[in-house]
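Colleague: What follows is target_13.txt; its format and atoms are compact mmCIF, C-alpha atoms.
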# COMPACT_ATOMS: atom_id res chain seq x y z
CA MET A 1 -24.91 -24.53 -0.63
CA LEU A 2 -22.90 -22.42 -3.05
CA ASP A 3 -26.09 -21.63 -4.98
CA GLU A 4 -27.73 -20.71 -1.68
CA MET A 5 -24.93 -18.25 -0.91
CA ALA A 6 -25.08 -16.79 -4.43
CA GLY A 7 -28.84 -16.30 -4.06
CA ARG A 8 -28.40 -14.67 -0.66
CA ILE A 9 -26.10 -11.93 -2.01
CA ALA A 10 -28.14 -11.32 -5.19
CA GLY A 11 -29.84 -8.28 -3.61
CA GLY A 12 -26.56 -6.37 -3.67
CA PHE A 13 -26.56 -6.34 -7.49
CA SER A 14 -28.90 -4.25 -9.62
CA ARG A 15 -28.07 -6.11 -12.86
CA ALA A 16 -27.65 -9.75 -13.76
CA GLU A 17 -24.28 -9.30 -15.48
CA PRO A 18 -22.24 -8.25 -12.40
CA ARG A 19 -24.07 -10.84 -10.31
CA ARG A 20 -22.97 -13.63 -12.67
CA ARG A 21 -19.44 -12.25 -12.64
CA ALA A 22 -19.48 -12.30 -8.85
CA GLU A 23 -20.56 -15.95 -8.88
CA LYS A 24 -17.61 -16.75 -11.15
CA LEU A 25 -15.27 -14.90 -8.84
CA LEU A 26 -16.69 -16.80 -5.86
CA ARG A 27 -16.12 -20.15 -7.62
CA GLY A 28 -12.55 -19.16 -8.38
CA LEU A 29 -11.90 -18.16 -4.78
CA VAL A 30 -13.07 -21.53 -3.40
CA SER A 31 -11.02 -23.42 -6.00
CA GLN A 32 -7.55 -24.86 -5.44
CA LEU A 33 -5.73 -22.37 -7.64
CA PRO A 34 -2.23 -21.87 -6.20
CA ARG A 35 -2.50 -18.12 -6.82
CA LYS A 36 -5.80 -16.26 -7.04
CA ASN A 37 -6.22 -13.02 -8.94
CA CYS A 38 -8.32 -11.82 -11.86
CA TRP A 39 -5.96 -13.39 -14.41
CA THR A 40 -5.80 -16.88 -12.91
CA ILE A 41 -9.50 -16.99 -11.98
CA ALA A 42 -10.55 -15.83 -15.48
CA GLU A 43 -8.65 -18.72 -17.04
CA HIS A 44 -10.06 -21.12 -14.46
CA VAL A 45 -13.71 -20.17 -15.08
CA GLY A 46 -13.39 -20.03 -18.88
CA ASP A 47 -13.10 -16.32 -19.65
CA ALA A 48 -10.81 -15.30 -22.50
CA THR A 49 -9.50 -12.25 -20.61
CA PRO A 50 -9.62 -10.90 -17.04
CA ASP A 51 -11.44 -7.76 -18.22
CA GLY A 52 -14.81 -8.88 -16.88
CA LEU A 53 -13.57 -9.64 -13.36
CA GLN A 54 -11.49 -6.46 -13.29
CA HIS A 55 -14.57 -4.48 -14.32
CA LEU A 56 -16.55 -6.16 -11.53
CA LEU A 57 -14.04 -5.02 -8.92
CA ALA A 58 -13.34 -1.53 -10.24
CA ARG A 59 -16.28 -0.06 -12.14
CA ALA A 60 -19.41 -2.25 -12.04
CA VAL A 61 -22.39 -0.93 -10.08
CA TRP A 62 -23.04 -3.07 -7.00
CA ASP A 63 -23.13 -2.58 -3.24
CA ALA A 64 -20.26 -4.24 -1.38
CA ASP A 65 -21.70 -3.09 1.97
CA ALA A 66 -24.97 -4.88 1.24
CA VAL A 67 -23.05 -8.04 0.37
CA ARG A 68 -21.13 -7.67 3.62
CA ASP A 69 -24.41 -7.53 5.52
CA ASP A 70 -25.54 -10.70 3.73
CA LEU A 71 -22.25 -12.29 4.76
CA ARG A 72 -22.92 -11.34 8.38
CA ASP A 73 -26.37 -12.94 8.29
CA TYR A 74 -25.01 -16.06 6.54
CA VAL A 75 -22.32 -16.57 9.19
CA CYS A 76 -24.73 -16.03 12.07
CA ASP A 77 -27.30 -18.39 10.56
CA HIS A 78 -24.76 -21.20 10.14
CA LEU A 79 -22.50 -20.63 13.15
CA GLY A 80 -24.83 -18.77 15.49
CA SER A 81 -24.29 -19.60 19.16
CA GLN A 82 -25.04 -18.08 22.54
CA ASP A 83 -21.37 -18.59 23.40
CA ALA A 84 -20.01 -16.78 20.34
CA VAL A 85 -17.03 -14.45 20.74
CA LEU A 86 -16.27 -11.45 18.54
CA ILE A 87 -12.55 -10.85 17.94
CA VAL A 88 -11.03 -7.71 16.42
CA ASP A 89 -7.47 -7.95 15.13
CA GLU A 90 -5.26 -6.64 12.37
CA THR A 91 -3.20 -8.26 9.65
CA GLY A 92 -0.92 -6.87 6.97
CA ASP A 93 -0.29 -7.52 3.29
CA LEU A 94 3.26 -7.00 2.02
CA LYS A 95 3.22 -4.78 -1.07
CA ARG A 96 5.65 -3.04 -3.38
CA GLY A 97 5.48 0.49 -4.73
CA THR A 98 3.58 3.49 -3.42
CA HIS A 99 0.33 3.58 -5.42
CA THR A 100 -1.56 0.70 -3.76
CA VAL A 101 -4.18 2.18 -1.43
CA GLY A 102 -3.05 2.35 2.20
CA VAL A 103 0.50 1.20 1.57
CA GLN A 104 3.51 2.67 3.37
CA ARG A 105 6.48 1.46 5.39
CA GLN A 106 4.93 0.38 8.70
CA TYR A 107 5.04 -2.42 11.22
CA THR A 108 3.03 -5.51 10.33
CA GLY A 109 2.72 -8.67 12.34
CA THR A 110 2.73 -10.66 9.09
CA ALA A 111 6.46 -9.99 8.72
CA ASP A 112 7.05 -9.10 12.41
CA ARG A 113 8.99 -6.02 11.34
CA ILE A 114 8.59 -2.71 9.50
CA GLU A 115 7.92 -3.40 5.82
CA ASN A 116 6.24 -1.75 2.86
CA SER A 117 2.72 -3.00 3.49
CA ARG A 118 -0.88 -2.11 4.12
CA VAL A 119 -2.78 -3.06 7.25
CA ALA A 120 -6.45 -3.93 7.69
CA VAL A 121 -8.53 -4.66 10.77
CA TYR A 122 -10.94 -7.62 10.67
CA LEU A 123 -13.90 -8.64 12.80
CA THR A 124 -14.16 -12.40 13.34
CA TYR A 125 -17.10 -14.40 14.67
CA THR A 126 -15.91 -17.42 16.68
CA THR A 127 -17.85 -20.36 18.10
CA THR A 128 -16.98 -23.86 19.23
CA VAL A 129 -17.87 -25.27 15.79
CA GLY A 130 -16.18 -22.74 13.52
CA HIS A 131 -15.04 -19.19 12.91
CA ALA A 132 -15.43 -16.77 10.01
CA PHE A 133 -15.02 -13.11 9.09
CA LEU A 134 -17.86 -10.63 9.51
CA ASP A 135 -16.29 -7.33 8.43
CA ARG A 136 -13.07 -5.50 7.62
CA ALA A 137 -11.70 -1.97 7.61
CA LEU A 138 -8.61 -0.76 5.75
CA TYR A 139 -6.26 1.43 7.77
CA LEU A 140 -5.20 4.67 6.06
CA PRO A 141 -1.97 6.18 7.41
CA LYS A 142 -1.55 9.92 7.79
CA SER A 143 0.71 9.92 4.73
CA TRP A 144 -2.44 9.14 2.72
CA THR A 145 -5.13 11.21 4.43
CA SER A 146 -2.92 14.32 4.38
CA ASP A 147 -2.59 14.07 0.57
CA PRO A 148 -6.04 14.69 -1.03
CA GLU A 149 -4.74 14.20 -4.57
CA ARG A 150 -3.28 10.82 -3.71
CA CYS A 151 -6.53 9.76 -2.04
CA ALA A 152 -8.58 10.93 -5.00
CA ALA A 153 -6.38 8.98 -7.40
CA ALA A 154 -7.03 5.81 -5.35
CA GLY A 155 -10.79 6.42 -5.25
CA ILE A 156 -10.95 7.31 -1.54
CA GLY A 157 -13.87 9.55 -0.64
CA ALA A 158 -13.36 12.91 1.01
CA ASP A 159 -15.30 11.69 4.09
CA VAL A 160 -12.56 9.19 5.00
CA GLN A 161 -10.36 10.84 7.62
CA PHE A 162 -7.27 9.83 9.57
CA ALA A 163 -7.89 8.51 13.10
CA THR A 164 -5.31 7.78 15.79
CA LYS A 165 -5.57 5.36 18.63
CA ARG A 166 -6.46 6.54 22.11
CA PRO A 167 -4.01 8.75 24.04
CA GLY A 168 -0.88 6.85 24.97
CA HIS A 169 -0.91 4.71 21.83
CA HIS A 170 1.32 5.20 18.84
CA PRO A 171 -0.49 7.70 16.56
CA ASP A 172 0.35 5.96 13.31
CA GLN A 173 -1.05 2.50 14.00
CA PRO A 174 -4.44 1.09 12.93
CA ARG A 175 -7.59 1.82 14.84
CA THR A 176 -10.85 -0.10 14.76
CA ARG A 177 -13.97 1.71 13.67
CA ARG A 178 -17.54 1.26 14.79
CA TRP A 179 -18.78 -1.57 12.63
CA SER A 180 -21.60 -0.16 10.55
CA ARG A 181 -25.18 -1.41 10.64
CA GLY A 182 -24.61 -3.45 13.78
CA ILE A 183 -22.38 -6.41 14.27
CA VAL A 184 -24.64 -9.41 14.27
CA GLY A 185 -28.09 -7.98 13.67
CA ASP A 186 -30.55 -8.70 16.48
CA ARG A 187 -27.78 -10.15 18.64
CA ARG A 188 -26.35 -6.69 19.40
CA ARG A 189 -28.46 -6.21 22.53
CA GLY A 190 -27.47 -9.62 23.88
CA LEU A 191 -23.80 -8.91 23.27
CA ARG A 192 -23.92 -5.99 25.68
CA ARG A 193 -24.94 -8.38 28.46
CA ARG A 194 -22.01 -10.73 27.90
CA PRO A 195 -18.49 -10.53 29.29
CA SER A 196 -15.56 -9.38 27.21
CA ALA A 197 -11.83 -9.79 27.64
CA SER A 198 -9.60 -7.33 25.81
CA ARG A 199 -5.83 -7.53 25.65
CA GLY A 200 -5.56 -3.81 25.26
CA ALA A 201 -7.10 -0.62 26.55
CA GLY A 202 -8.66 -0.23 23.12
CA GLY A 203 -8.19 -1.30 19.54
CA PRO A 204 -6.49 -4.44 18.35
CA ARG A 205 -3.42 -4.47 20.61
CA ARG A 206 -2.40 -8.00 21.44
CA ARG A 207 -1.37 -7.35 25.00
CA LEU A 208 -2.06 -4.92 27.78
CA ARG A 209 1.42 -3.51 28.34
CA ALA A 210 3.16 -4.27 31.61
CA GLY A 211 3.94 -0.54 31.92
CA HIS A 212 0.28 0.51 31.70
CA ARG A 213 -0.86 1.90 35.05
CA MET A 214 -4.22 1.15 36.64
CA ARG A 215 -5.95 1.71 39.95
CA PRO A 216 -7.08 -1.27 42.06
CA PRO A 217 -10.03 -0.78 44.45
CA ARG A 218 -9.22 1.47 47.41
CA ARG A 219 -9.78 -1.36 49.86
CA HIS A 220 -6.64 -3.03 48.45
CA ALA A 221 -4.23 -0.13 47.90
CA ALA A 222 -4.04 3.56 47.11
CA GLY A 223 -2.60 5.02 43.94
CA THR A 224 -1.93 3.44 40.59
CA PHE A 225 0.16 0.39 39.82
CA ARG A 226 1.63 -1.41 36.84
CA PRO A 227 0.03 -4.80 36.07
CA ASP A 228 3.32 -6.62 36.69
CA GLU A 229 3.60 -4.88 40.07
CA LEU A 230 0.12 -6.06 41.00
CA ALA A 231 1.03 -9.60 39.96
CA THR A 232 3.98 -9.70 42.38
CA ARG A 233 1.71 -8.63 45.27
CA LEU A 234 -0.64 -11.61 44.86
CA PRO A 235 -0.43 -14.46 47.38
CA LYS A 236 0.07 -17.98 46.07
CA HIS A 237 -3.42 -19.18 46.92
CA VAL A 238 -5.16 -16.80 44.48
CA TRP A 239 -3.52 -18.41 41.43
CA GLN A 240 -5.63 -21.11 39.79
CA CYS A 241 -4.47 -23.62 37.18
CA LEU A 242 -7.11 -23.67 34.43
CA SER A 243 -7.23 -24.43 30.71
CA ALA A 244 -7.48 -21.62 28.17
CA GLY A 245 -9.11 -24.09 25.78
CA ALA A 246 -7.96 -26.90 23.55
CA GLY A 247 -5.16 -26.14 21.12
CA ALA A 248 -3.36 -28.14 18.47
CA LYS A 249 -1.51 -30.13 21.17
CA GLY A 250 -4.33 -30.48 23.69
CA HIS A 251 -5.51 -28.23 26.51
CA ARG A 252 -3.47 -25.10 27.22
CA PHE A 253 -3.02 -24.91 30.98
CA TYR A 254 -1.88 -21.68 32.65
CA ASP A 255 -1.99 -20.15 36.12
CA TRP A 256 -4.63 -17.42 36.32
CA ALA A 257 -5.45 -14.64 38.77
CA LEU A 258 -8.16 -11.97 38.78
CA ILE A 259 -7.93 -8.47 40.31
CA ASP A 260 -10.74 -5.92 40.59
CA ILE A 261 -10.02 -2.61 38.88
CA ASP A 262 -11.37 0.61 40.38
CA GLN A 263 -13.57 2.74 38.13
CA ALA A 264 -15.42 6.02 38.14
CA ALA A 265 -18.63 6.21 40.16
CA GLU A 266 -20.78 6.78 37.09
CA ASP A 267 -19.47 3.63 35.34
CA SER A 268 -21.71 0.59 35.39
CA GLY A 269 -20.67 -3.03 35.32
CA HIS A 270 -17.55 -4.71 36.62
CA ARG A 271 -13.94 -4.42 35.47
CA TRP A 272 -11.04 -6.74 36.22
CA LEU A 273 -7.41 -7.31 35.41
CA LEU A 274 -6.98 -10.93 34.34
CA ILE A 275 -3.41 -12.20 34.66
CA ARG A 276 -2.12 -15.27 32.86
CA ARG A 277 1.15 -16.90 33.93
CA ASN A 278 3.01 -19.52 31.93
CA ARG A 279 3.57 -22.53 34.20
CA ARG A 280 7.04 -23.24 32.80
CA THR A 281 8.58 -19.88 31.86
CA ARG A 282 6.57 -17.76 34.38
CA GLU A 283 5.93 -15.23 31.60
CA LEU A 284 2.95 -12.95 32.34
CA ALA A 285 0.18 -11.71 30.05
CA PHE A 286 -2.53 -9.24 31.04
CA TYR A 287 -6.16 -8.80 29.96
CA ARG A 288 -8.52 -5.95 30.74
CA CYS A 289 -11.98 -7.48 31.26
CA TYR A 290 -15.48 -6.05 31.55
CA ALA A 291 -18.93 -7.51 32.23
CA PRO A 292 -22.19 -5.80 33.26
CA ILE A 293 -22.77 -8.49 35.92
CA PRO A 294 -20.42 -10.52 38.15
CA THR A 295 -18.79 -13.17 36.00
CA ALA A 296 -16.98 -16.37 36.98
CA LEU A 297 -13.27 -16.68 36.28
CA PRO A 298 -13.65 -19.69 33.91
CA VAL A 299 -15.97 -17.63 31.68
CA LEU A 300 -13.45 -14.78 31.39
CA ILE A 301 -10.69 -17.30 30.67
CA ARG A 302 -12.77 -18.91 27.93
CA VAL A 303 -13.32 -15.56 26.23
CA ALA A 304 -9.67 -14.52 26.54
CA GLY A 305 -8.46 -17.94 25.41
CA THR A 306 -10.55 -17.79 22.25
CA ARG A 307 -8.47 -15.02 20.70
CA TRP A 308 -5.98 -17.37 19.03
CA ARG A 309 -8.76 -18.44 16.66
CA VAL A 310 -8.37 -15.18 14.75
CA GLU A 311 -4.85 -16.21 13.73
CA GLU A 312 -6.25 -19.45 12.31
CA THR A 313 -8.95 -17.45 10.50
CA PHE A 314 -6.31 -15.22 8.91
CA ARG A 315 -4.26 -18.24 7.83
CA THR A 316 -7.16 -20.11 6.24
CA GLY A 317 -8.60 -16.93 4.71
CA LYS A 318 -5.31 -16.15 2.99
CA ASN A 319 -4.31 -19.69 2.02
CA LEU A 320 -7.72 -21.02 0.95
CA ALA A 321 -9.72 -17.98 -0.16
CA GLY A 322 -7.02 -15.64 -1.48
CA LEU A 323 -7.75 -12.89 1.02
CA ASP A 324 -4.32 -11.30 0.47
CA GLN A 325 -3.66 -12.46 -3.11
CA HIS A 326 -5.51 -9.64 -4.86
CA GLN A 327 -3.76 -7.40 -7.36
CA VAL A 328 -5.88 -4.30 -6.79
CA ARG A 329 -4.74 -0.76 -6.05
CA ARG A 330 -7.89 1.27 -5.52
CA TRP A 331 -10.14 1.71 -2.48
CA VAL A 332 -13.33 0.27 -3.99
CA SER A 333 -11.56 -2.70 -5.57
CA TRP A 334 -10.03 -3.66 -2.22
CA GLN A 335 -13.40 -3.44 -0.47
CA ARG A 336 -15.00 -5.68 -3.11
CA TRP A 337 -12.25 -8.29 -3.30
CA THR A 338 -12.06 -8.72 0.47
CA VAL A 339 -15.82 -9.13 0.91
CA MET A 340 -15.88 -11.84 -1.79
CA ALA A 341 -12.88 -13.59 -0.20
CA MET A 342 -14.62 -13.49 3.18
CA LEU A 343 -17.70 -15.01 1.55
CA ALA A 344 -15.61 -17.84 0.10
CA HIS A 345 -14.04 -18.52 3.49
CA ALA A 346 -17.45 -18.49 5.20
CA PHE A 347 -18.75 -20.99 2.62
CA LEU A 348 -15.92 -23.45 3.32
CA THR A 349 -16.47 -23.07 7.07
CA ALA A 350 -20.23 -23.59 6.78
CA VAL A 351 -19.84 -26.73 4.64
CA ALA A 352 -17.34 -28.25 7.08
CA MET A 353 -19.59 -27.47 10.04
CA THR A 354 -22.70 -28.84 8.27
CA GLU A 355 -21.12 -32.11 7.17
CA ARG A 356 -19.54 -33.09 10.48
CA PRO A 357 -22.78 -34.02 12.30
CA HIS A 358 -24.21 -35.84 9.26
CA SER A 359 -21.26 -38.11 8.59
CA ALA A 360 -19.24 -38.96 11.66
CA ALA A 361 -15.70 -39.90 10.66
CA PRO A 362 -14.19 -43.19 11.85
CA THR A 363 -11.68 -42.85 14.63
CA SER A 364 -8.77 -43.36 12.22
CA TRP A 365 -9.87 -40.48 9.97
CA ILE A 366 -9.24 -36.77 10.44
CA SER A 367 -12.24 -34.52 10.98
CA LEU A 368 -13.54 -32.58 8.00
CA THR A 369 -11.68 -29.26 7.76
CA CYS A 370 -11.91 -26.26 5.45
CA ASN A 371 -8.88 -27.61 3.58
CA GLU A 372 -10.59 -30.95 2.95
CA VAL A 373 -13.85 -29.23 1.96
CA GLN A 374 -12.01 -27.12 -0.62
CA HIS A 375 -10.20 -30.17 -2.02
CA LEU A 376 -13.41 -32.21 -2.33
CA PHE A 377 -15.42 -29.31 -3.74
CA ALA A 378 -12.77 -28.46 -6.32
CA THR A 379 -12.38 -32.11 -7.32
CA LEU A 380 -16.02 -33.20 -7.44
CA VAL A 381 -18.06 -30.06 -8.18
CA ILE A 382 -16.01 -27.38 -9.93
CA THR A 383 -15.00 -28.27 -13.48
CA PRO A 384 -12.33 -25.83 -14.67
CA ALA A 385 -12.02 -24.94 -18.35
CA THR A 386 -8.80 -26.85 -19.01
CA ASP A 387 -9.05 -27.63 -22.73
CA ILE A 388 -6.21 -26.46 -24.97
CA THR A 389 -8.42 -23.98 -26.85
CA GLN A 390 -9.19 -22.09 -23.66
CA LYS A 391 -5.55 -22.02 -22.60
CA LEU A 392 -4.51 -20.63 -26.02
CA ARG A 393 -7.20 -17.95 -25.80
CA CYS A 394 -5.94 -16.78 -22.40
CA SER A 395 -2.35 -17.02 -23.56
CA ALA A 396 -3.11 -14.85 -26.56
Could you show the structure in this file as C-alpha cells?

Modeller:
Amino acid sequence: MLDEMAGRIAGGFSRAEPRRRAEKLLRGLVSQLPRKNCWTIAEHVGDATPDGLQHLLARAVWDADAVRDDLRDYVCDHLGSQDAVLIVDETGDLKRGTHTVGVQRQYTGTADRIENSRVAVYLTYTTTVGHAFLDRALYLPKSWTSDPERCAAAGIGADVQFATKRPGHHPDQPRTRRWSRGIVGDRRRGLRRRPSASRGAGGPRRRLRAGHRMRPPRRHAAGTFRPDELATRLPKHVWQCLSAGAGAKGHRFYDWALIDIDQAAEDSGHRWLLIRRNRRTRELAFYRCYAPIPTALPVLIRVAGTRWRVEETFRTGKNLAGLDQHQVRRWVSWQRWTVMAMLAHAFLTAVAMTERPHSAAPTSWISLTCNEVQHLFATLVITPATDITQKLRCSA
C-alpha cells in the first residue's frame, strides 16, 4: 500500500531524484521516530546528511499542489462515503523567533492563550470508518502581508494578500479560503445537495456566539434576537434527547431544539438554528444549519456531532505523522512538509480501515488503530539504518 501511494503521487515530480527523496521522507514520517525532522529522518533512512531532504523541501522542482490533489483522490478512494462530512478548523504550532513564515504573537487553541505561533486552517474528510486531511492553508497575519520585504525573504509570492473574516469578526484571525481545484473531485455537485451544520457564521469559529443576533420567521416574532434569548422562549416539549454520536465513553446524549431562521426572499434552501443543551450543566451551544431541502433533525445532529473528529485528526496527525514537527521557515517548505505529513497520516488511516474487515479482532482485543498500524509497520516493514557506521557518519 505504501508503494501504491508512492506511485500515485509520482506525477507531481518531473525527475526521479526528488521522487525518491519524497519516498524516503514518507517512510520517515510513518516511522516511530520520537521527533521527525530532516535530521532525524535522514539518519533513519540511511542518508549521511539531511541535505537531500532539505533540498527536497526548499529548492527541488516538484508540484506540491499536484501531490495534494493526489492525496484528495487517495482519501476519497479509500474512505469515500455518501455520508461523509467535510470539517474546516484551525490549529496552531508554537514557534520561537520572528523569521518563520506566518509567525507572530496570536491566539492559538493549541495553547489556549496568546503565544508566539503560526496558525493554519485544515480541511478534513470524515466518515464512519475513518478521517483524514484533504487540504491546508497557512494564515498570514497583517504584520506579514504589510511587509513585502519580509514576505519576499520567506518566499511568499506577491499574489498572496491579507484577508479578514466577515464583518463582526476579529480582523486578525484566520480565514478559510476557497479550496482550489474542488474539494473532492466529482463529489462537489453532490455536496451542494447535502445538509451542513456550521458553528459559526463563517470560517472556522467553534461556536456561534450567544450575542450574535438573528431573525426568526415572522410568524414567530418580529425583530432580531440573540440565540440564547430564543432558547429561553422554547417550550419544554420541543426539546428532544438525542445522541450526537458515539464518543470515547459511549453515546453523547444532549437535549436538542431546532428553530427556523428567516432569510432573504432570493435565498434558496432552508436555514435553522440548532441548539444543543447539556443535560447536566444546562450549558447551551448553537449551530447555524443550512440544507437545500427539508432535513430531519437527526441528520443535522449527526453532521454537527461529527466535528469533534477534527480534533482527533489533529492529534494523530501531529503525534504519528509529524505534522507540526517540521523545522522549516519558508513558505514553500511549509507547503511541502505539510502535504507529505498529510499523506503519511492518510496512509495509516487507509491501512487501519482496510485491515479491519479482513481480520476481525477477538472480543478481548482492541480494534486496529492508526497507532497500532504505525507500530506494526515500523516493526515489520521498515528497517532503519541502525549500524554503527551510519550513526558515526551522521554524527560527523

Colleague: Per residue of range 296-391 of chain A within 12 Å of range 22-36 of chain A, what are the shortest atom pair and its distance in Å to one decimal, counting only C-alpha atoms, with rows by chain and residue number, as JSON lines?

Modeller:
{"residue": "A:Thr316", "atom": "CA", "partner": "A:Val30", "partner_atom": "CA", "distance": 11.4}
{"residue": "A:Gly317", "atom": "CA", "partner": "A:Leu29", "partner_atom": "CA", "distance": 10.1}
{"residue": "A:Lys318", "atom": "CA", "partner": "A:Lys36", "partner_atom": "CA", "distance": 10.0}
{"residue": "A:Asn319", "atom": "CA", "partner": "A:Pro34", "partner_atom": "CA", "distance": 8.8}
{"residue": "A:Leu320", "atom": "CA", "partner": "A:Val30", "partner_atom": "CA", "distance": 6.9}
{"residue": "A:Ala321", "atom": "CA", "partner": "A:Leu29", "partner_atom": "CA", "distance": 5.1}
{"residue": "A:Gly322", "atom": "CA", "partner": "A:Lys36", "partner_atom": "CA", "distance": 5.7}
{"residue": "A:Leu323", "atom": "CA", "partner": "A:Leu29", "partner_atom": "CA", "distance": 8.9}
{"residue": "A:Asp324", "atom": "CA", "partner": "A:Lys36", "partner_atom": "CA", "distance": 9.1}
{"residue": "A:Gln325", "atom": "CA", "partner": "A:Lys36", "partner_atom": "CA", "distance": 5.9}
{"residue": "A:His326", "atom": "CA", "partner": "A:Lys36", "partner_atom": "CA", "distance": 7.0}
{"residue": "A:Gln327", "atom": "CA", "partner": "A:Lys36", "partner_atom": "CA", "distance": 9.1}
{"residue": "A:Val328", "atom": "CA", "partner": "A:Lys36", "partner_atom": "CA", "distance": 12.0}
{"residue": "A:Arg336", "atom": "CA", "partner": "A:Ala22", "partner_atom": "CA", "distance": 9.8}
{"residue": "A:Trp337", "atom": "CA", "partner": "A:Leu25", "partner_atom": "CA", "distance": 9.1}
{"residue": "A:Thr338", "atom": "CA", "partner": "A:Leu29", "partner_atom": "CA", "distance": 10.8}
{"residue": "A:Val339", "atom": "CA", "partner": "A:Leu26", "partner_atom": "CA", "distance": 10.3}
{"residue": "A:Met340", "atom": "CA", "partner": "A:Leu26", "partner_atom": "CA", "distance": 6.5}
{"residue": "A:Ala341", "atom": "CA", "partner": "A:Leu29", "partner_atom": "CA", "distance": 6.5}
{"residue": "A:Met342", "atom": "CA", "partner": "A:Leu29", "partner_atom": "CA", "distance": 9.6}
{"residue": "A:Leu343", "atom": "CA", "partner": "A:Leu26", "partner_atom": "CA", "distance": 7.7}
{"residue": "A:Ala344", "atom": "CA", "partner": "A:Val30", "partner_atom": "CA", "distance": 5.7}
{"residue": "A:His345", "atom": "CA", "partner": "A:Val30", "partner_atom": "CA", "distance": 7.6}
{"residue": "A:Ala346", "atom": "CA", "partner": "A:Val30", "partner_atom": "CA", "distance": 10.1}
{"residue": "A:Phe347", "atom": "CA", "partner": "A:Val30", "partner_atom": "CA", "distance": 8.3}
{"residue": "A:Leu348", "atom": "CA", "partner": "A:Val30", "partner_atom": "CA", "distance": 7.5}
{"residue": "A:Thr349", "atom": "CA", "partner": "A:Val30", "partner_atom": "CA", "distance": 11.1}
{"residue": "A:Val351", "atom": "CA", "partner": "A:Val30", "partner_atom": "CA", "distance": 11.7}
{"residue": "A:Cys370", "atom": "CA", "partner": "A:Val30", "partner_atom": "CA", "distance": 10.1}
{"residue": "A:Asn371", "atom": "CA", "partner": "A:Gln32", "partner_atom": "CA", "distance": 9.5}
{"residue": "A:Glu372", "atom": "CA", "partner": "A:Gln32", "partner_atom": "CA", "distance": 10.8}
{"residue": "A:Val373", "atom": "CA", "partner": "A:Val30", "partner_atom": "CA", "distance": 9.4}
{"residue": "A:Gln374", "atom": "CA", "partner": "A:Val30", "partner_atom": "CA", "distance": 6.3}
{"residue": "A:His375", "atom": "CA", "partner": "A:Gln32", "partner_atom": "CA", "distance": 6.8}
{"residue": "A:Leu376", "atom": "CA", "partner": "A:Ser31", "partner_atom": "CA", "distance": 9.8}
{"residue": "A:Phe377", "atom": "CA", "partner": "A:Ser31", "partner_atom": "CA", "distance": 7.7}
{"residue": "A:Ala378", "atom": "CA", "partner": "A:Ser31", "partner_atom": "CA", "distance": 5.3}
{"residue": "A:Thr379", "atom": "CA", "partner": "A:Ser31", "partner_atom": "CA", "distance": 8.9}
{"residue": "A:Leu380", "atom": "CA", "partner": "A:Ser31", "partner_atom": "CA", "distance": 11.1}
{"residue": "A:Val381", "atom": "CA", "partner": "A:Ser31", "partner_atom": "CA", "distance": 9.9}
{"residue": "A:Ile382", "atom": "CA", "partner": "A:Ser31", "partner_atom": "CA", "distance": 7.5}
{"residue": "A:Thr383", "atom": "CA", "partner": "A:Ser31", "partner_atom": "CA", "distance": 9.8}
{"residue": "A:Pro384", "atom": "CA", "partner": "A:Ser31", "partner_atom": "CA", "distance": 9.1}
{"residue": "A:Ala385", "atom": "CA", "partner": "A:Gly28", "partner_atom": "CA", "distance": 11.5}

Colleague: Between A:Trp308, A:Trp365, A:Trp256, A:Phe286, which one has atoms that come closest to Glu229 in chain A, using only C-alpha atoms?

Modeller: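 Smallest separation from Glu229 in chain A among the options: A:Phe286.
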
Colleague: Report the distance between CA of Ala248 in chain A and CA of Leu368 in chain A in Å, rounded to one decimal place.

Modeller: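 Interatomic distance, CA of Ala248 in chain A to CA of Leu368 in chain A: 15.3 Å.
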
Colleague: Have a look at CA of Tyr107 in chain A and CA of Ser143 in chain A and let me know their distance in Å, one decimal.

Modeller: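 Separation between CA of Tyr107 in chain A and CA of Ser143 in chain A: 14.6 Å.
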
Colleague: As an exercise, work out the distance from CA of Leu392 in chain A to CA of Cys38 in chain A in Å and give it to one decimal place.

Modeller: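 Result for CA of Leu392 in chain A versus CA of Cys38 in chain A: 17.1 Å, one decimal.
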
Colleague: Which residue, A:Thr108, A:Thr126, A:Thr100, A:Ser117, has the smallest gap to Ala153 in chain A when you use all atoms listed in the file?

Modeller: A:Thr100

Colleague: Could you give me, as a PDB file with C-alpha atoms, keeping the file's coordinate frame, the residues within 9 Å of Val67 in chain A, counting only C-alpha atoms and dropping anything in the same chain fewer than 5 positions from it?

Modeller:
ATOM      1  CA  ARG A   8     -28.400 -14.670  -0.660  1.00  0.00           C
ATOM      2  CA  ILE A   9     -26.100 -11.930  -2.010  1.00  0.00           C
ATOM      3  CA  ALA A  10     -28.140 -11.320  -5.190  1.00  0.00           C
ATOM      4  CA  GLY A  11     -29.840  -8.280  -3.610  1.00  0.00           C
ATOM      5  CA  GLY A  12     -26.560  -6.370  -3.670  1.00  0.00           C
ATOM      6  CA  PHE A  13     -26.560  -6.340  -7.490  1.00  0.00           C
ATOM      7  CA  TRP A  62     -23.040  -3.070  -7.000  1.00  0.00           C
ATOM      8  CA  ARG A  72     -22.920 -11.340   8.380  1.00  0.00           C
ATOM      9  CA  VAL A 339     -15.820  -9.130   0.910  1.00  0.00           C
ATOM     10  CA  MET A 340     -15.880 -11.840  -1.790  1.00  0.00           C
ATOM     11  CA  LEU A 343     -17.700 -15.010   1.550  1.00  0.00           C
TER      12      LEU A 343
END

Colleague: Return as lines of an AutoDock Vina configuration file the box centre and box size in Å, one decimal, for an axis-aligned box around all listed atoms of range 380-385 of chain A padded by 4 Å per side.

Modeller:
center_x = -15.0
center_y = -29.1
center_z = -12.9
size_x = 14.0
size_y = 16.3
size_z = 18.9

Colleague: A:Thr49, A:Thr91, A:Thr224, A:Ser14: which is nearest Val119 in chain A, counting all atoms listed in the file?

Modeller: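 Comparing A:Thr49, A:Thr91, A:Thr224, A:Ser14 against Val119 in chain A, the winner is A:Thr91.
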
Colleague: I want to know what sits within 12 Å of range 295-297 of chain A, based on only C-alpha atoms, with residues of the same chain fewer than 5 positions away left out; could you give that as a count of residues only?

Modeller: 32

Colleague: Considering all atoms listed in the file, can you say which of A:Val332, A:Arg15, A:Arg315, A:Gly245 comes closest to Leu57 in chain A?

Modeller: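 Among the listed residues, the smallest separation from Leu57 in chain A belongs to A:Val332.
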